[in-house]
$ cat work05.cif   # mmCIF, N, CA and C atoms
data_upload
loop_
_atom_site.label_atom_id
_atom_site.label_comp_id
_atom_site.auth_asym_id
_atom_site.auth_seq_id
_atom_site.Cartn_x
_atom_site.Cartn_y
_atom_site.Cartn_z
N GLN A 1 -74.79 22.36 -126.53
CA GLN A 1 -73.96 21.26 -126.08
C GLN A 1 -74.81 20.01 -125.91
N LEU A 2 -74.16 18.90 -125.99
CA LEU A 2 -74.81 17.64 -125.68
C LEU A 2 -74.38 17.25 -124.27
N PHE A 3 -75.30 16.73 -123.51
CA PHE A 3 -74.97 16.26 -122.18
C PHE A 3 -75.50 14.84 -122.05
N TYR A 4 -74.59 13.91 -121.89
CA TYR A 4 -74.96 12.51 -121.73
C TYR A 4 -75.20 12.28 -120.25
N CYS A 5 -76.47 12.28 -119.87
CA CYS A 5 -76.83 12.22 -118.45
C CYS A 5 -77.07 10.78 -117.99
N THR A 6 -76.23 9.87 -118.46
CA THR A 6 -76.33 8.47 -118.05
C THR A 6 -74.93 7.96 -117.73
N SER A 7 -74.89 6.89 -116.98
CA SER A 7 -73.58 6.29 -116.69
C SER A 7 -72.95 5.74 -117.97
N ALA A 8 -73.79 5.27 -118.91
CA ALA A 8 -73.26 4.77 -120.18
C ALA A 8 -72.55 5.89 -120.94
N GLY A 9 -73.04 7.13 -120.79
CA GLY A 9 -72.43 8.28 -121.45
C GLY A 9 -71.40 8.98 -120.58
N ASN A 10 -71.12 8.39 -119.42
CA ASN A 10 -70.15 8.94 -118.47
C ASN A 10 -70.47 10.37 -118.04
N PHE A 11 -71.73 10.75 -118.13
CA PHE A 11 -72.18 12.07 -117.69
C PHE A 11 -71.31 13.19 -118.28
N GLN A 12 -70.92 13.01 -119.54
CA GLN A 12 -70.02 13.96 -120.18
C GLN A 12 -70.79 15.04 -120.93
N ARG A 13 -70.17 16.21 -121.01
CA ARG A 13 -70.68 17.31 -121.80
C ARG A 13 -69.82 17.41 -123.06
N HIS A 14 -70.48 17.69 -124.18
CA HIS A 14 -69.77 17.85 -125.44
C HIS A 14 -70.23 19.15 -126.08
N PRO A 15 -69.38 20.17 -126.06
CA PRO A 15 -69.77 21.44 -126.69
C PRO A 15 -69.88 21.27 -128.20
N ILE A 16 -70.81 22.00 -128.78
CA ILE A 16 -71.04 21.95 -130.22
C ILE A 16 -71.00 23.39 -130.74
N ALA A 17 -70.15 23.61 -131.73
CA ALA A 17 -70.08 24.94 -132.34
C ALA A 17 -71.35 25.16 -133.16
N VAL A 18 -72.00 26.28 -132.91
CA VAL A 18 -73.23 26.60 -133.65
C VAL A 18 -72.89 27.64 -134.71
N LYS A 19 -72.92 27.17 -135.94
CA LYS A 19 -72.62 28.05 -137.08
C LYS A 19 -73.93 28.32 -137.81
N ASP A 20 -73.90 29.24 -138.74
CA ASP A 20 -75.11 29.57 -139.49
C ASP A 20 -75.70 28.33 -140.17
N GLU A 21 -74.85 27.50 -140.76
CA GLU A 21 -75.32 26.29 -141.43
C GLU A 21 -75.96 25.32 -140.44
N THR A 22 -75.35 25.21 -139.26
CA THR A 22 -75.90 24.33 -138.23
C THR A 22 -77.27 24.83 -137.78
N LYS A 23 -77.41 26.12 -137.59
CA LYS A 23 -78.70 26.70 -137.21
C LYS A 23 -79.75 26.44 -138.27
N ARG A 24 -79.37 26.62 -139.54
CA ARG A 24 -80.31 26.40 -140.64
C ARG A 24 -80.78 24.95 -140.67
N LEU A 25 -79.86 24.02 -140.51
CA LEU A 25 -80.23 22.60 -140.52
C LEU A 25 -81.11 22.24 -139.32
N ALA A 26 -80.82 22.83 -138.17
CA ALA A 26 -81.63 22.56 -136.98
C ALA A 26 -83.05 23.10 -137.16
N LEU A 27 -83.17 24.30 -137.70
CA LEU A 27 -84.49 24.86 -137.95
C LEU A 27 -85.26 24.05 -138.99
N GLU A 28 -84.56 23.57 -140.00
CA GLU A 28 -85.20 22.74 -141.02
C GLU A 28 -85.73 21.44 -140.40
N ALA A 29 -84.94 20.84 -139.53
CA ALA A 29 -85.38 19.62 -138.86
C ALA A 29 -86.61 19.89 -137.99
N LEU A 30 -86.61 20.99 -137.27
CA LEU A 30 -87.76 21.34 -136.44
C LEU A 30 -89.00 21.62 -137.29
N GLU A 31 -88.82 22.24 -138.45
CA GLU A 31 -89.95 22.49 -139.35
C GLU A 31 -90.54 21.18 -139.85
N ILE A 32 -89.69 20.21 -140.15
CA ILE A 32 -90.17 18.91 -140.61
C ILE A 32 -90.98 18.22 -139.53
N VAL A 33 -90.47 18.23 -138.31
CA VAL A 33 -91.19 17.62 -137.19
C VAL A 33 -92.51 18.35 -136.94
N ASP A 34 -92.46 19.68 -136.96
CA ASP A 34 -93.66 20.48 -136.74
C ASP A 34 -94.71 20.20 -137.81
N ARG A 35 -94.29 20.08 -139.07
CA ARG A 35 -95.21 19.79 -140.16
C ARG A 35 -95.87 18.42 -139.96
N ALA A 36 -95.10 17.45 -139.52
CA ALA A 36 -95.65 16.12 -139.27
C ALA A 36 -96.70 16.16 -138.15
N ILE A 37 -96.42 16.92 -137.11
CA ILE A 37 -97.37 17.04 -135.99
C ILE A 37 -98.64 17.74 -136.46
N GLU A 38 -98.48 18.82 -137.24
CA GLU A 38 -99.66 19.54 -137.76
C GLU A 38 -100.54 18.63 -138.61
N ARG A 39 -99.91 17.79 -139.42
CA ARG A 39 -100.67 16.87 -140.27
C ARG A 39 -101.20 15.66 -139.51
N GLY A 40 -100.69 15.47 -138.31
CA GLY A 40 -101.09 14.29 -137.55
C GLY A 40 -100.52 13.01 -138.15
N VAL A 41 -99.39 13.16 -138.80
CA VAL A 41 -98.77 12.02 -139.48
C VAL A 41 -97.36 11.81 -138.93
N LEU A 42 -97.24 10.86 -138.04
CA LEU A 42 -95.94 10.48 -137.49
C LEU A 42 -95.79 8.97 -137.71
N PRO A 43 -95.61 8.58 -138.97
CA PRO A 43 -95.59 7.14 -139.26
C PRO A 43 -94.35 6.47 -138.70
N PRO A 44 -94.53 5.30 -138.13
CA PRO A 44 -93.35 4.56 -137.69
C PRO A 44 -92.63 4.06 -138.94
N ALA A 45 -91.36 4.31 -139.01
CA ALA A 45 -90.58 3.89 -140.17
C ALA A 45 -89.14 3.62 -139.72
N PRO A 46 -88.98 2.61 -138.88
CA PRO A 46 -87.62 2.35 -138.38
C PRO A 46 -86.69 1.87 -139.49
N LEU A 47 -85.45 2.29 -139.40
CA LEU A 47 -84.45 1.78 -140.32
C LEU A 47 -84.20 0.31 -140.00
N GLU A 48 -83.67 -0.41 -140.97
CA GLU A 48 -83.39 -1.82 -140.75
C GLU A 48 -82.45 -1.99 -139.55
N HIS A 49 -82.80 -2.87 -138.67
CA HIS A 49 -82.04 -3.21 -137.46
C HIS A 49 -82.04 -2.10 -136.40
N ALA A 50 -82.75 -1.00 -136.63
CA ALA A 50 -82.75 0.10 -135.66
C ALA A 50 -83.40 -0.31 -134.35
N CYS A 51 -84.40 -1.16 -134.42
CA CYS A 51 -85.13 -1.54 -133.20
C CYS A 51 -84.26 -2.28 -132.19
N GLN A 52 -83.25 -2.97 -132.66
CA GLN A 52 -82.44 -3.74 -131.73
C GLN A 52 -81.64 -2.85 -130.78
N PHE A 53 -81.45 -1.58 -131.14
CA PHE A 53 -80.70 -0.65 -130.30
C PHE A 53 -81.60 0.37 -129.60
N CYS A 54 -82.90 0.29 -129.82
CA CYS A 54 -83.82 1.31 -129.34
C CYS A 54 -84.17 1.12 -127.86
N ASP A 55 -84.19 2.23 -127.14
CA ASP A 55 -84.56 2.20 -125.73
C ASP A 55 -86.06 2.09 -125.53
N PHE A 56 -86.86 2.24 -126.59
CA PHE A 56 -88.31 2.23 -126.47
C PHE A 56 -88.93 0.87 -126.80
N ARG A 57 -88.13 -0.16 -126.93
CA ARG A 57 -88.67 -1.49 -127.24
C ARG A 57 -89.71 -1.96 -126.21
N PRO A 58 -89.54 -1.63 -124.93
CA PRO A 58 -90.58 -2.04 -123.99
C PRO A 58 -91.95 -1.44 -124.32
N VAL A 59 -91.97 -0.29 -124.97
CA VAL A 59 -93.23 0.36 -125.35
C VAL A 59 -93.78 -0.24 -126.64
N CYS A 60 -92.94 -0.35 -127.64
CA CYS A 60 -93.37 -0.84 -128.96
C CYS A 60 -93.48 -2.36 -129.00
N GLY A 61 -92.64 -2.99 -128.27
CA GLY A 61 -92.57 -4.45 -128.36
C GLY A 61 -91.48 -4.86 -129.32
N PRO A 62 -91.23 -6.14 -129.40
CA PRO A 62 -90.10 -6.61 -130.21
C PRO A 62 -90.39 -6.70 -131.70
N ASN A 63 -91.63 -6.50 -132.13
CA ASN A 63 -91.98 -6.75 -133.52
C ASN A 63 -92.44 -5.50 -134.27
N GLU A 64 -91.98 -4.34 -133.89
CA GLU A 64 -92.41 -3.11 -134.53
C GLU A 64 -92.08 -3.10 -136.02
N ALA A 65 -90.90 -3.54 -136.38
CA ALA A 65 -90.52 -3.53 -137.80
C ALA A 65 -91.46 -4.38 -138.63
N GLU A 66 -91.89 -5.50 -138.09
CA GLU A 66 -92.81 -6.37 -138.82
C GLU A 66 -94.18 -5.72 -138.95
N ARG A 67 -94.65 -5.05 -137.89
CA ARG A 67 -95.94 -4.35 -137.95
C ARG A 67 -95.89 -3.22 -138.97
N VAL A 68 -94.79 -2.48 -138.98
CA VAL A 68 -94.64 -1.36 -139.91
C VAL A 68 -94.65 -1.86 -141.35
N ALA A 69 -94.00 -2.99 -141.59
CA ALA A 69 -93.94 -3.53 -142.95
C ALA A 69 -95.32 -3.87 -143.49
N LYS A 70 -96.27 -4.17 -142.63
CA LYS A 70 -97.63 -4.53 -143.06
C LYS A 70 -98.49 -3.31 -143.38
N LYS A 71 -98.09 -2.13 -142.88
CA LYS A 71 -98.88 -0.92 -143.09
C LYS A 71 -98.61 -0.35 -144.47
N LYS A 72 -99.61 0.30 -145.00
CA LYS A 72 -99.48 0.91 -146.32
C LYS A 72 -99.34 2.43 -146.18
N THR A 73 -98.24 2.86 -145.59
CA THR A 73 -97.99 4.28 -145.43
C THR A 73 -97.57 4.85 -146.78
N PRO A 74 -98.32 5.81 -147.30
CA PRO A 74 -97.93 6.39 -148.60
C PRO A 74 -96.52 6.97 -148.54
N LEU A 75 -95.75 6.74 -149.59
CA LEU A 75 -94.38 7.24 -149.64
C LEU A 75 -94.34 8.74 -149.51
N LEU A 76 -95.40 9.43 -149.95
CA LEU A 76 -95.46 10.87 -149.83
C LEU A 76 -95.30 11.30 -148.38
N LEU A 77 -95.88 10.55 -147.47
CA LEU A 77 -95.81 10.90 -146.05
C LEU A 77 -94.43 10.65 -145.46
N LEU A 78 -93.65 9.84 -146.12
CA LEU A 78 -92.31 9.55 -145.62
C LEU A 78 -91.25 10.45 -146.24
N GLY A 79 -91.64 11.31 -147.18
CA GLY A 79 -90.68 12.17 -147.87
C GLY A 79 -89.89 13.06 -146.93
N ASP A 80 -90.57 13.72 -146.01
CA ASP A 80 -89.88 14.59 -145.06
C ASP A 80 -88.93 13.78 -144.18
N LEU A 81 -89.38 12.60 -143.75
CA LEU A 81 -88.54 11.76 -142.90
C LEU A 81 -87.27 11.35 -143.65
N GLN A 82 -87.43 10.96 -144.92
CA GLN A 82 -86.27 10.58 -145.72
C GLN A 82 -85.31 11.77 -145.88
N MET A 83 -85.88 12.96 -146.08
CA MET A 83 -85.06 14.15 -146.22
C MET A 83 -84.27 14.41 -144.93
N LEU A 84 -84.94 14.26 -143.81
CA LEU A 84 -84.31 14.48 -142.52
C LEU A 84 -83.18 13.48 -142.29
N ARG A 85 -83.40 12.25 -142.68
CA ARG A 85 -82.39 11.21 -142.48
C ARG A 85 -81.16 11.39 -143.36
N THR A 86 -81.29 12.06 -144.47
CA THR A 86 -80.16 12.20 -145.38
C THR A 86 -79.35 13.46 -145.14
N ARG A 87 -79.75 14.26 -144.17
CA ARG A 87 -79.01 15.47 -143.86
C ARG A 87 -77.69 15.11 -143.18
N PRO A 88 -76.67 15.96 -143.40
CA PRO A 88 -75.35 15.69 -142.78
C PRO A 88 -75.40 15.78 -141.28
#

$ encode --input "work05.cif" --output "structure tokens"
Amino acid sequence: QLFYCTSAGNFQRHPIAVKDETKRLALEALEIVDRAIERGVLPPAPLEHACQFCDFRPVCGPNEAERVAKKKTPLLLLGDLQMLRTRP
């Protein structure tokens, strides 16, 4: 279940049916994150306009997207992230 533990989320609970496909996708997502941690590669790659809604702006600052654009992160390292983002 999801539990929105903020006033913005009205402290609501939302049950989620866990089916075999859902479990498989969740495990795949965890494997992708685990692989990134093992490699020590967690490149910042925010989607366009994502920073304006992010709760972590006080940590990153207002110009994270501009800093990321200057980095030369090999596309190979972003493959798993792109795969994760395109999942249903």

$ atom_distance --input "work05.cif" --atom1 "atom C of Leu2 in chain A" --atom2 "atom C of His14 in chain A"
4.9 Å

$ atom_distance --input "work05.cif" --atom1 "atom C of Val59 in chain A" --atom2 "atom C of Gly40 in chain A"
18.8 Å

$ atom_distance --input "work05.cif" --atom1 "atom N of Leu30 in chain A" --atom2 "atom N of Leu84 in chain A"
9.5 Å

$ resolve_selection --input "work05.cif" --expression "the PyMOL selection byres (((chain A and resi 81 and name CA) around 12) and name CA)" --output "tab-separated table (two decimals) with N, CA and C atoms, in the coordinates of the input"
chain	number	residue	atom	x	y	z
A	28	GLU	N	-84.56	23.57	-140.00
A	28	GLU	CA	-85.20	22.74	-141.02
A	28	GLU	C	-85.73	21.44	-140.40
A	29	ALA	N	-84.94	20.84	-139.53
A	29	ALA	CA	-85.38	19.62	-138.86
A	29	ALA	C	-86.61	19.89	-137.99
A	30	LEU	N	-86.61	20.99	-137.27
A	30	LEU	CA	-87.76	21.34	-136.44
A	30	LEU	C	-89.00	21.62	-137.29
A	31	GLU	N	-88.82	22.24	-138.45
A	31	GLU	CA	-89.95	22.49	-139.35
A	31	GLU	C	-90.54	21.18	-139.85
A	32	ILE	N	-89.69	20.21	-140.15
A	32	ILE	CA	-90.17	18.91	-140.61
A	32	ILE	C	-90.98	18.22	-139.53
A	33	VAL	N	-90.47	18.23	-138.31
A	33	VAL	CA	-91.19	17.62	-137.19
A	33	VAL	C	-92.51	18.35	-136.94
A	34	ASP	N	-92.46	19.68	-136.96
A	34	ASP	CA	-93.66	20.48	-136.74
A	34	ASP	C	-94.71	20.20	-137.81
A	35	ARG	N	-94.29	20.08	-139.07
A	35	ARG	CA	-95.21	19.79	-140.16
A	35	ARG	C	-95.87	18.42	-139.96
A	36	ALA	N	-95.10	17.45	-139.52
A	36	ALA	CA	-95.65	16.12	-139.27
A	36	ALA	C	-96.70	16.16	-138.15
A	41	VAL	N	-99.39	13.16	-138.80
A	41	VAL	CA	-98.77	12.02	-139.48
A	41	VAL	C	-97.36	11.81	-138.93
A	42	LEU	N	-97.24	10.86	-138.04
A	42	LEU	CA	-95.94	10.48	-137.49
A	42	LEU	C	-95.79	8.97	-137.71
A	43	PRO	N	-95.61	8.58	-138.97
A	43	PRO	CA	-95.59	7.14	-139.26
A	43	PRO	C	-94.35	6.47	-138.70
A	44	PRO	N	-94.53	5.30	-138.13
A	44	PRO	CA	-93.35	4.56	-137.69
A	44	PRO	C	-92.63	4.06	-138.94
A	45	ALA	N	-91.36	4.31	-139.01
A	45	ALA	CA	-90.58	3.89	-140.17
A	45	ALA	C	-89.14	3.62	-139.72
A	46	PRO	N	-88.98	2.61	-138.88
A	46	PRO	CA	-87.62	2.35	-138.38
A	46	PRO	C	-86.69	1.87	-139.49
A	47	LEU	N	-85.45	2.29	-139.40
A	47	LEU	CA	-84.45	1.78	-140.32
A	47	LEU	C	-84.20	0.31	-140.00
A	75	LEU	N	-95.75	6.74	-149.59
A	75	LEU	CA	-94.38	7.24	-149.64
A	75	LEU	C	-94.34	8.74	-149.51
A	76	LEU	N	-95.40	9.43	-149.95
A	76	LEU	CA	-95.46	10.87	-149.83
A	76	LEU	C	-95.30	11.30	-148.38
A	77	LEU	N	-95.88	10.55	-147.47
A	77	LEU	CA	-95.81	10.90	-146.05
A	77	LEU	C	-94.43	10.65	-145.46
A	78	LEU	N	-93.65	9.84	-146.12
A	78	LEU	CA	-92.31	9.55	-145.62
A	78	LEU	C	-91.25	10.45	-146.24
A	79	GLY	N	-91.64	11.31	-147.18
A	79	GLY	CA	-90.68	12.17	-147.87
A	79	GLY	C	-89.89	13.06	-146.93
A	80	ASP	N	-90.57	13.72	-146.01
A	80	ASP	CA	-89.88	14.59	-145.06
A	80	ASP	C	-88.93	13.78	-144.18
A	82	GLN	N	-87.43	10.96	-144.92
A	82	GLN	CA	-86.27	10.58	-145.72
A	82	GLN	C	-85.31	11.77	-145.88
A	83	MET	N	-85.88	12.96	-146.08
A	83	MET	CA	-85.06	14.15	-146.22
A	83	MET	C	-84.27	14.41	-144.93
A	84	LEU	N	-84.94	14.26	-143.81
A	84	LEU	CA	-84.31	14.48	-142.52
A	84	LEU	C	-83.18	13.48	-142.29
A	85	ARG	N	-83.40	12.25	-142.68
A	85	ARG	CA	-82.39	11.21	-142.48
A	85	ARG	C	-81.16	11.39	-143.36
A	86	THR	N	-81.29	12.06	-144.47
A	86	THR	CA	-80.16	12.20	-145.38
A	86	THR	C	-79.35	13.46	-145.14
A	87	ARG	N	-79.75	14.26	-144.17
A	87	ARG	CA	-79.01	15.47	-143.86
A	87	ARG	C	-77.69	15.11	-143.18

$ select_by_dssp --input "work05.cif" --residues "chain A" --states "strand (DSSP E)" --output "PyMOL selection string"
chain A and resi 2-3+13-14

$ write_last_selection --input "work05.cif" --atoms "N, CA and C atoms" --output "short mmCIF file (atom, residue, chain, number, x, y, z; two decimals), in the coordinates of the input"
data_model
loop_
_atom_site.label_atom_id
_atom_site.label_comp_id
_atom_site.auth_asym_id
_atom_site.auth_seq_id
_atom_site.Cartn_x
_atom_site.Cartn_y
_atom_site.Cartn_z
N LEU A 2 -74.16 18.90 -125.99
CA LEU A 2 -74.81 17.64 -125.68
C LEU A 2 -74.38 17.25 -124.27
N PHE A 3 -75.30 16.73 -123.51
CA PHE A 3 -74.97 16.26 -122.18
C PHE A 3 -75.50 14.84 -122.05
N ARG A 13 -70.17 16.21 -121.01
CA ARG A 13 -70.68 17.31 -121.80
C ARG A 13 -69.82 17.41 -123.06
N HIS A 14 -70.48 17.69 -124.18
CA HIS A 14 -69.77 17.85 -125.44
C HIS A 14 -70.23 19.15 -126.08
#

$ select_by_dssp --input "work05.cif" --residues "range 18-64 of chain A" --states "helix (DSSP H, G or I)" --output "PyMOL selection string"
chain A and resi 20-39+50-53+57-60+64

$ build_atoms --input "work05.cif" --residues "range 10-21 of chain A" --atoms "N, CA, C and O atoms" --output "mmCIF file, keeping the file's coordinate frame"
data_model
loop_
_atom_site.group_PDB
_atom_site.id
_atom_site.type_symbol
_atom_site.label_atom_id
_atom_site.label_comp_id
_atom_site.auth_asym_id
_atom_site.auth_seq_id
_atom_site.Cartn_x
_atom_site.Cartn_y
_atom_site.Cartn_z
ATOM 1 N N ASN A 10 -71.120 8.390 -119.420
ATOM 2 C CA ASN A 10 -70.150 8.940 -118.470
ATOM 3 C C ASN A 10 -70.470 10.370 -118.040
ATOM 4 O O ASN A 10 -69.591 11.110 -117.667
ATOM 5 N N PHE A 11 -71.730 10.750 -118.130
ATOM 6 C CA PHE A 11 -72.180 12.070 -117.690
ATOM 7 C C PHE A 11 -71.310 13.190 -118.280
ATOM 8 O O PHE A 11 -71.015 14.171 -117.640
ATOM 9 N N GLN A 12 -70.920 13.010 -119.540
ATOM 10 C CA GLN A 12 -70.020 13.960 -120.180
ATOM 11 C C GLN A 12 -70.790 15.040 -120.930
ATOM 12 O O GLN A 12 -71.871 14.817 -121.432
ATOM 13 N N ARG A 13 -70.170 16.210 -121.010
ATOM 14 C CA ARG A 13 -70.680 17.310 -121.800
ATOM 15 C C ARG A 13 -69.820 17.410 -123.060
ATOM 16 O O ARG A 13 -68.605 17.253 -123.001
ATOM 17 N N HIS A 14 -70.480 17.690 -124.180
ATOM 18 C CA HIS A 14 -69.770 17.850 -125.440
ATOM 19 C C HIS A 14 -70.230 19.150 -126.080
ATOM 20 O O HIS A 14 -71.364 19.240 -126.560
ATOM 21 N N PRO A 15 -69.380 20.170 -126.060
ATOM 22 C CA PRO A 15 -69.770 21.440 -126.690
ATOM 23 C C PRO A 15 -69.880 21.270 -128.200
ATOM 24 O O PRO A 15 -69.152 20.492 -128.815
ATOM 25 N N ILE A 16 -70.810 22.000 -128.780
ATOM 26 C CA ILE A 16 -71.040 21.950 -130.220
ATOM 27 C C ILE A 16 -71.000 23.390 -130.740
ATOM 28 O O ILE A 16 -71.722 24.246 -130.249
ATOM 29 N N ALA A 17 -70.150 23.610 -131.730
ATOM 30 C CA ALA A 17 -70.080 24.940 -132.340
ATOM 31 C C ALA A 17 -71.350 25.160 -133.160
ATOM 32 O O ALA A 17 -71.742 24.322 -133.952
ATOM 33 N N VAL A 18 -72.000 26.280 -132.910
ATOM 34 C CA VAL A 18 -73.230 26.600 -133.650
ATOM 35 C C VAL A 18 -72.890 27.640 -134.710
ATOM 36 O O VAL A 18 -72.586 28.785 -134.399
ATOM 37 N N LYS A 19 -72.920 27.170 -135.940
ATOM 38 C CA LYS A 19 -72.620 28.050 -137.080
ATOM 39 C C LYS A 19 -73.930 28.320 -137.810
ATOM 40 O O LYS A 19 -74.952 27.700 -137.540
ATOM 41 N N ASP A 20 -73.900 29.240 -138.740
ATOM 42 C CA ASP A 20 -75.110 29.570 -139.490
ATOM 43 C C ASP A 20 -75.700 28.330 -140.170
ATOM 44 O O ASP A 20 -76.905 28.125 -140.165
ATOM 45 N N GLU A 21 -74.850 27.500 -140.760
ATOM 46 C CA GLU A 21 -75.320 26.290 -141.430
ATOM 47 C C GLU A 21 -75.960 25.320 -140.440
ATOM 48 O O GLU A 21 -76.991 24.713 -140.712
#
